[in-house]
>>> print(open('data_17.txt').read())   # compact mmCIF, C-alpha atoms
# COMPACT_ATOMS: atom_id res chain seq x y z
CA MET K 203 9.94 -9.44 -25.64
CA LEU K 204 11.62 -6.91 -23.37
CA ASP K 205 9.51 -4.15 -24.90
CA ILE K 206 6.31 -6.10 -24.15
CA LEU K 207 7.38 -6.58 -20.53
CA ARG K 208 8.24 -2.89 -20.21
CA ARG K 209 4.86 -1.83 -21.62
CA GLY K 210 3.11 -4.25 -19.27
CA ALA K 211 5.05 -2.90 -16.29
CA ASN K 212 4.26 0.68 -17.32
CA ALA K 213 0.55 -0.20 -17.61
CA LEU K 214 0.63 -1.83 -14.18
CA MET K 215 2.35 1.22 -12.68
CA ALA K 216 -0.27 3.50 -14.26
CA ALA K 217 -3.06 1.35 -12.80
CA LEU K 218 -1.43 1.47 -9.37
CA ARG K 219 -1.14 5.27 -9.57
CA VAL K 220 -4.83 5.56 -10.50
CA ALA K 221 -5.87 3.18 -7.69
CA SER K 222 -3.75 5.09 -5.19
CA GLY K 223 -5.24 8.38 -6.35
CA LEU K 224 -8.78 7.02 -6.06
CA MET K 225 -8.04 5.86 -2.51
CA LEU K 226 -6.78 9.33 -1.66
CA VAL K 227 -9.89 10.94 -3.19
CA ALA K 228 -12.12 8.51 -1.25
CA SER K 229 -10.30 9.43 1.97
CA VAL K 230 -10.83 13.14 1.32
CA ALA K 231 -14.51 12.52 0.47
CA ILE K 232 -15.05 10.60 3.72
CA ASN K 233 -13.34 13.37 5.65
CA PHE K 234 -15.49 16.01 3.95
CA ALA K 235 -18.68 14.02 4.62
CA ASN K 236 -17.67 13.61 8.26
CA ILE K 237 -17.01 17.38 8.60
CA ILE K 238 -20.36 18.25 7.04
CA GLY K 239 -22.11 15.63 9.17
CA ARG K 240 -20.44 16.74 12.37
CA TYR K 241 -20.73 20.52 12.07
CA VAL K 242 -23.88 20.90 9.96
CA LEU K 243 -26.02 17.88 10.84
CA SER K 244 -24.58 17.13 14.31
CA ILE K 245 -23.94 13.53 13.24
CA SER K 246 -20.49 11.99 12.94
CA LEU K 247 -19.46 8.83 11.16
CA SER K 248 -18.00 6.49 13.77
CA TRP K 249 -16.09 4.51 11.17
CA ALA K 250 -14.62 7.48 9.26
CA GLU K 251 -11.27 7.79 11.03
CA GLU K 252 -10.48 4.11 10.72
CA ALA K 253 -11.57 3.92 7.07
CA MET K 254 -9.47 6.97 6.20
CA LEU K 255 -6.48 5.39 7.95
CA PHE K 256 -6.84 2.18 5.93
CA LEU K 257 -7.30 4.17 2.72
CA MET K 258 -4.18 6.25 3.38
CA ILE K 259 -2.10 3.16 4.16
CA GLY K 260 -3.41 1.49 1.01
CA ALA K 261 -2.66 4.58 -1.07
CA VAL K 262 0.92 4.70 0.19
CA PHE K 263 1.53 1.00 -0.46
CA LEU K 264 -0.02 1.17 -3.94
CA ALA K 265 1.94 4.32 -4.86
CA ALA K 266 5.31 2.95 -3.71
CA PRO K 267 5.98 0.66 -6.74
CA PRO K 268 5.41 3.41 -9.35
CA VAL K 269 7.62 5.79 -7.40
CA GLY K 270 10.41 3.20 -7.30
CA TRP K 271 9.84 2.22 -10.95
CA LEU K 272 10.30 5.83 -12.04
CA GLY K 273 13.28 6.34 -9.71
CA ARG K 274 11.60 9.22 -7.89
CA HIS K 275 12.05 7.92 -4.37
CA ILE K 276 14.14 9.78 -1.83
CA ARG K 277 17.56 8.30 -1.30
CA MET K 278 20.97 9.37 -0.16
CA ASP K 279 22.97 9.22 -3.39
CA VAL K 280 25.64 11.89 -2.94
CA VAL K 281 28.44 9.32 -2.87
CA VAL K 282 26.85 7.23 -5.64
CA SER K 283 26.64 10.22 -7.97
CA LEU K 284 30.41 10.71 -7.59
CA LEU K 285 31.19 7.14 -8.72
CA PRO K 286 32.27 6.36 -12.29
CA PRO K 287 29.41 5.23 -14.58
CA ARG K 288 30.14 1.47 -14.36
CA ALA K 289 30.45 1.51 -10.57
CA ARG K 290 27.29 3.62 -10.35
CA MET K 291 25.42 1.09 -12.49
CA ALA K 292 26.67 -1.78 -10.32
CA PHE K 293 25.55 0.05 -7.20
CA GLU K 294 22.12 0.76 -8.74
CA ILE K 295 21.69 -2.96 -9.50
CA PHE K 296 22.82 -3.85 -5.98
CA SER K 297 20.36 -1.31 -4.56
CA ASP K 298 17.51 -2.80 -6.61
CA LEU K 299 18.39 -6.31 -5.44
CA VAL K 300 18.42 -5.20 -1.80
CA THR K 301 15.02 -3.56 -2.30
CA ILE K 302 13.61 -6.74 -3.87
CA ALA K 303 15.03 -8.86 -1.05
CA THR K 304 13.51 -6.52 1.53
CA CYS K 305 10.09 -6.72 -0.12
CA ILE K 306 10.27 -10.51 -0.22
CA MET K 307 11.22 -10.65 3.46
CA VAL K 308 8.39 -8.30 4.46
CA ALA K 309 5.91 -10.46 2.52
CA TYR K 310 7.37 -13.63 4.04
CA PHE K 311 7.04 -12.37 7.61
CA ALA K 312 3.62 -10.75 7.02
CA TRP K 313 2.07 -13.89 5.50
CA PRO K 314 1.58 -15.79 8.81
CA VAL K 315 -0.02 -12.72 10.39
CA MET K 316 -2.39 -12.24 7.46
CA THR K 317 -3.25 -15.95 7.50
CA MET K 318 -4.02 -15.78 11.21
CA LEU K 319 -6.21 -12.69 10.73
CA HIS K 320 -8.05 -14.50 7.95
CA GLU K 321 -8.59 -17.65 10.01
CA LEU K 322 -9.83 -15.73 13.06
CA ASP K 323 -12.13 -13.55 10.93
CA GLN K 324 -10.51 -10.49 12.50
CA ARG K 325 -12.35 -7.20 12.04
CA SER K 326 -11.36 -3.62 12.63
CA GLU K 327 -12.84 -1.99 15.73
CA SER K 328 -15.16 0.75 14.50
CA ALA K 329 -15.35 0.33 10.73
CA ASN K 330 -15.95 -3.43 11.03
CA ILE K 331 -13.71 -4.04 8.02
CA ARG K 332 -13.01 -7.75 7.63
CA TRP K 333 -9.62 -9.24 6.85
CA SER K 334 -11.48 -12.22 5.47
CA PHE K 335 -13.92 -11.67 2.62
CA ARG K 336 -15.72 -14.97 2.75
CA LYS K 337 -19.08 -15.24 4.45
CA ARG K 338 -19.15 -16.90 7.83
CA PRO K 339 -22.09 -17.48 10.10
CA CYS K 340 -22.34 -15.03 12.98
CA ARG K 341 -21.00 -16.33 16.25
CA SER K 342 -22.81 -15.52 19.46
CA VAL K 343 -20.70 -13.80 22.05
>>> encode(input="data_17.txt", output="structure tokens")
Amino acid sequence: MLDILRRGANALMAALRVASGLMLVASVAINFANIIGRYVLSISLSWAEEAMLFLMIGAVFLAAPPVGWLGRHIRMDVVVSLLPPRARMAFEIFSDLVTIATCIMVAYFAWPVMTMLHELDQRSESANIRWSFRKRPCRSV
């Protein structure tokens, strides 16, 4: 059972790495298109900066779990590496629990904001990216 869960987690982490990489490639492609448009065709994409910002933020958030899963994140572990093996293991477990608690708290506090953005049909300024993906009739201003 544990092996099945580990394989599932590894597959999920691989999918997140691919999705993050695709977002990074899309950001570079938009930037390249904007450069060509601006300097060759004298046309710039008004939404490019904002879309690239969202793509970069998405790439970072999607790449964070695989980095943590593989233990490749940056951390200050000079003191931890000097501990005996059992104490080091206890500290690693404690560190993982603190990380999980932090993620739960961030999700808990972000949920009301995301709900409000969804209810108000909030859109980004220039890219007109919606926080809500359901169709609503246009409101006159």
>>> atom_distance(input="data_17.txt", atom1="atom CA of Asn236 of chain K", atom2="atom CA of Met258 of chain K")
16.1 Å
>>> residues_around(input="data_17.txt", residues="segment 222-233 of chain K", least_positions_apart="6", cutoff="6 Å", atoms="only C-alpha atoms", output="list of chain:residue names")
K:Met254, K:Leu257, K:Ala261, K:Leu264, K:Ala265
>>> axis_aligned_box(input="data_17.txt", around="segment 211-229 of chain K", padding_each_side="5 Å", output="lines of an AutoDock Vina configuration file")
center_x = -3.5
center_y = 4.0
center_z = -7.8
size_x = 27.2
size_y = 23.8
size_z = 29.6
>>> atom_distance(input="data_17.txt", atom1="atom CA of Gly273 of chain K", atom2="atom CA of Trp313 of chain K")
27.7 Å
>>> residues_around(input="data_17.txt", residues="segment 276-280 of chain K", least_positions_apart="2", cutoff="12 Å", atoms="only C-alpha atoms", output="number ranges by chain")
K: 266, 269-270, 272-274, 282-285, 290, 293-294, 297
>>> atom_distance(input="data_17.txt", atom1="atom CA of Pro268 of chain K", atom2="atom CA of Leu218 of chain K")
7.1 Å
>>> decode(input="data_17.txt", residues="segment 233-255 of chain K", atoms="N, CA, C and O atoms", output="mmCIF file, in the first residue's frame")
data_model
loop_
_atom_site.group_PDB
_atom_site.id
_atom_site.type_symbol
_atom_site.label_atom_id
_atom_site.label_comp_id
_atom_site.auth_asym_id
_atom_site.auth_seq_id
_atom_site.Cartn_x
_atom_site.Cartn_y
_atom_site.Cartn_z
ATOM 1 N N ASN K 233 6.914 36.342 -24.130
ATOM 2 C CA ASN K 233 7.926 37.392 -24.110
ATOM 3 C C ASN K 233 8.591 37.532 -25.482
ATOM 4 O O ASN K 233 8.775 38.644 -25.979
ATOM 5 N N PHE K 234 8.924 36.411 -26.091
ATOM 6 C CA PHE K 234 9.538 36.433 -27.421
ATOM 7 C C PHE K 234 8.597 37.052 -28.451
ATOM 8 O O PHE K 234 9.001 37.891 -29.265
ATOM 9 N N ALA K 235 7.327 36.643 -28.412
ATOM 10 C CA ALA K 235 6.340 37.210 -29.345
ATOM 11 C C ALA K 235 6.190 38.708 -29.132
ATOM 12 O O ALA K 235 6.062 39.473 -30.103
ATOM 13 N N ASN K 236 6.212 39.140 -27.879
ATOM 14 C CA ASN K 236 6.080 40.562 -27.585
ATOM 15 C C ASN K 236 7.310 41.330 -28.090
ATOM 16 O O ASN K 236 7.182 42.445 -28.607
ATOM 17 N N ILE K 237 8.500 40.755 -27.953
ATOM 18 C CA ILE K 237 9.725 41.407 -28.447
ATOM 19 C C ILE K 237 9.675 41.531 -29.964
ATOM 20 O O ILE K 237 9.952 42.603 -30.520
ATOM 21 N N ILE K 238 9.326 40.438 -30.638
ATOM 22 C CA ILE K 238 9.226 40.481 -32.101
ATOM 23 C C ILE K 238 8.158 41.482 -32.524
ATOM 24 O O ILE K 238 8.367 42.296 -33.431
ATOM 25 N N GLY K 239 7.008 41.440 -31.873
ATOM 26 C CA GLY K 239 5.936 42.376 -32.205
ATOM 27 C C GLY K 239 6.334 43.822 -31.987
ATOM 28 O O GLY K 239 6.054 44.691 -32.815
ATOM 29 N N ARG K 240 7.009 44.078 -30.890
ATOM 30 C CA ARG K 240 7.361 45.461 -30.545
ATOM 31 C C ARG K 240 8.444 46.017 -31.454
ATOM 32 O O ARG K 240 8.340 47.132 -31.955
ATOM 33 N N TYR K 241 9.520 45.257 -31.674
ATOM 34 C CA TYR K 241 10.670 45.802 -32.391
ATOM 35 C C TYR K 241 10.668 45.519 -33.893
ATOM 36 O O TYR K 241 11.364 46.201 -34.638
ATOM 37 N N VAL K 242 9.908 44.527 -34.341
ATOM 38 C CA VAL K 242 9.864 44.227 -35.767
ATOM 39 C C VAL K 242 8.577 44.759 -36.393
ATOM 40 O O VAL K 242 8.602 45.377 -37.451
ATOM 41 N N LEU K 243 7.458 44.525 -35.734
ATOM 42 C CA LEU K 243 6.158 44.895 -36.296
ATOM 43 C C LEU K 243 5.580 46.181 -35.707
ATOM 44 O O LEU K 243 4.505 46.612 -36.115
ATOM 45 N N SER K 244 6.241 46.760 -34.729
ATOM 46 C CA SER K 244 5.781 47.980 -34.038
ATOM 47 C C SER K 244 4.409 47.796 -33.402
ATOM 48 O O SER K 244 3.603 48.715 -33.346
ATOM 49 N N ILE K 245 4.154 46.581 -32.928
ATOM 50 C CA ILE K 245 2.901 46.269 -32.224
ATOM 51 C C ILE K 245 3.281 45.553 -30.935
ATOM 52 O O ILE K 245 4.061 44.616 -30.948
ATOM 53 N N SER K 246 2.729 45.988 -29.812
ATOM 54 C CA SER K 246 3.008 45.264 -28.567
ATOM 55 C C SER K 246 1.724 44.642 -28.043
ATOM 56 O O SER K 246 0.625 45.120 -28.315
ATOM 57 N N LEU K 247 1.896 43.572 -27.314
ATOM 58 C CA LEU K 247 0.756 42.880 -26.707
ATOM 59 C C LEU K 247 0.482 43.524 -25.347
ATOM 60 O O LEU K 247 1.300 43.440 -24.439
ATOM 61 N N SER K 248 -0.654 44.141 -25.203
ATOM 62 C CA SER K 248 -0.963 44.862 -23.967
ATOM 63 C C SER K 248 -1.096 43.925 -22.772
ATOM 64 O O SER K 248 -0.854 44.315 -21.638
ATOM 65 N N TRP K 249 -1.452 42.705 -23.023
ATOM 66 C CA TRP K 249 -1.705 41.752 -21.948
ATOM 67 C C TRP K 249 -0.492 40.899 -21.595
ATOM 68 O O TRP K 249 -0.530 40.105 -20.659
ATOM 69 N N ALA K 250 0.618 41.057 -22.338
ATOM 70 C CA ALA K 250 1.758 40.150 -22.199
ATOM 71 C C ALA K 250 2.386 40.199 -20.808
ATOM 72 O O ALA K 250 2.660 39.147 -20.213
ATOM 73 N N GLU K 251 2.645 41.379 -20.288
ATOM 74 C CA GLU K 251 3.310 41.483 -18.982
ATOM 75 C C GLU K 251 2.501 40.805 -17.884
ATOM 76 O O GLU K 251 3.036 40.062 -17.067
ATOM 77 N N GLU K 252 1.211 41.064 -17.888
ATOM 78 C CA GLU K 252 0.356 40.480 -16.849
ATOM 79 C C GLU K 252 0.246 38.969 -17.002
ATOM 80 O O GLU K 252 0.313 38.233 -16.007
ATOM 81 N N ALA K 253 0.116 38.483 -18.223
ATOM 82 C CA ALA K 253 0.034 37.035 -18.446
ATOM 83 C C ALA K 253 1.329 36.350 -18.029
ATOM 84 O O ALA K 253 1.299 35.287 -17.402
ATOM 85 N N MET K 254 2.469 36.970 -18.355
ATOM 86 C CA MET K 254 3.753 36.382 -17.953
ATOM 87 C C MET K 254 3.885 36.362 -16.432
ATOM 88 O O MET K 254 4.416 35.407 -15.869
ATOM 89 N N LEU K 255 3.400 37.400 -15.777
ATOM 90 C CA LEU K 255 3.444 37.440 -14.312
ATOM 91 C C LEU K 255 2.630 36.290 -13.721
ATOM 92 O O LEU K 255 3.112 35.562 -12.848
#
